[in-house]
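In what follows, a structure is listed as structure tokens, so that the remarks can point back to it.
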Amino acid sequence: MQNPESQLINKRFFQAIDELVSRRVLRGKISFATKYELNPGNFYQLRKKPVNEFQLCYLTWLVRDFGVSSQWLLTGEGEMFSRRFKQ
């Protein structure tokens with residue numbers, strides 16, 4: 001079970017996924033799971049139950065491959081996307 005701070009990180013993670021879908025960087029919400037060979041059902045459950053733990057590599061993938069700001073993802077401070085990836 002995650003502590004409240006971890007739950008906020010989980011929430012921001014899915015906010016970033018939603019934004020990537022709205023910008024058409026990802027085709028749909030499950031596209032992230034498919035791209036990284038994650039079980040779509042398990043991925044869906046992470047969103048539905050934010051108290052569940054998820055692997056830290058998921059955060060790395062958002063930062064490295066999609067330009068999500070690590071500062072924003074971890075602390076909620078700053079902008080969602082780093083300057084080098086803004087669209």
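The way I read the labels, and the way they are meant: chains A, B, ... in the order of the structure tokens, residue 1 as the first residue of every chain, and ligand 1 as the first ligand shown, with later ones counted on from there.
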Apply DSSP to the backbone of this structure and, from chain A, keep only the residues in alpha helix (DSSP H); write these as JSON, numbers by chain.
{"A": [4, 5, 6, 7, 8, 9, 10, 11, 12, 13, 14, 15, 16, 17, 18, 19, 20, 21, 22, 31, 32, 33, 34, 35, 40, 41, 42, 43, 44, 45, 46, 47, 48, 57, 58, 59, 60, 61, 62, 63, 64, 65, 66, 70, 71, 72, 73, 74, 75]}
Shell around Ser31 in chain A at 12 Å using only C-alpha atoms, local window under 6 positions removed, as a compact mmCIF listing (two decimals) with C-alpha atoms, in the first residue's frame:
```
# COMPACT_ATOMS: atom_id res chain seq x y z
CA ILE A 17 -0.71 9.54 -19.66
CA ASP A 18 -4.04 11.34 -20.22
CA LEU A 20 -0.16 12.31 -23.93
CA VAL A 21 -3.37 10.75 -25.23
CA ARG A 24 -2.14 12.21 -29.68
CA VAL A 25 1.36 11.15 -28.68
CA GLU A 37 4.68 -5.00 -22.78
CA LEU A 38 2.75 -4.52 -19.56
CA ASN A 39 -0.41 -6.43 -18.78
CA PRO A 40 -3.24 -4.03 -19.76
CA PHE A 43 -2.19 -1.32 -15.78
CA TYR A 44 -5.89 -0.50 -15.59
```
Write out as a list of chain:residue names each polymer residue whose atoms come within 10 Å of Phe66 in chain A, counting only C-alpha atoms; drop sequence neighbours fewer than 4 positions from it.
A:Ala16, A:Ile17, A:Leu20, A:Val25, A:Leu26, A:Thr60, A:Trp61, A:Leu62, A:Phe81, A:Ser82, A:Phe85, A:Lys86
With only C-alpha atoms as the counted atoms, please give the residues lying no more than 9 Å from Asn52 in chain A, apart from itself and same-chain residues fewer than 6 positions off, as a VMD selection string.
chain A and resid 1 to 2 7 45 to 46
From the list A:Lys35, A:Arg27, A:Arg83, A:Arg47, which residue is nearest Gln15 in chain A when using only C-alpha atoms?
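Closest residue, counting only C-alpha atoms: A:Arg47.
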Just how far from CA of Phe13 in chain A is CA of Leu73 in chain A, in Å to one decimal?
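Going from CA of Leu73 in chain A over to CA of Phe13 in chain A, I get 6.6 Å.
Closest to Arg12 in chain A among A:Lys48, A:Phe32, A:Glu79, A:Trp72 is A:Trp72, based on only C-alpha atoms.
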Residue nearest Gln55 in chain A among A:Ile30, A:Gly67, A:Asn10, A:Arg23 (counting only C-alpha atoms):
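Closest residue, counting only C-alpha atoms: A:Asn10.
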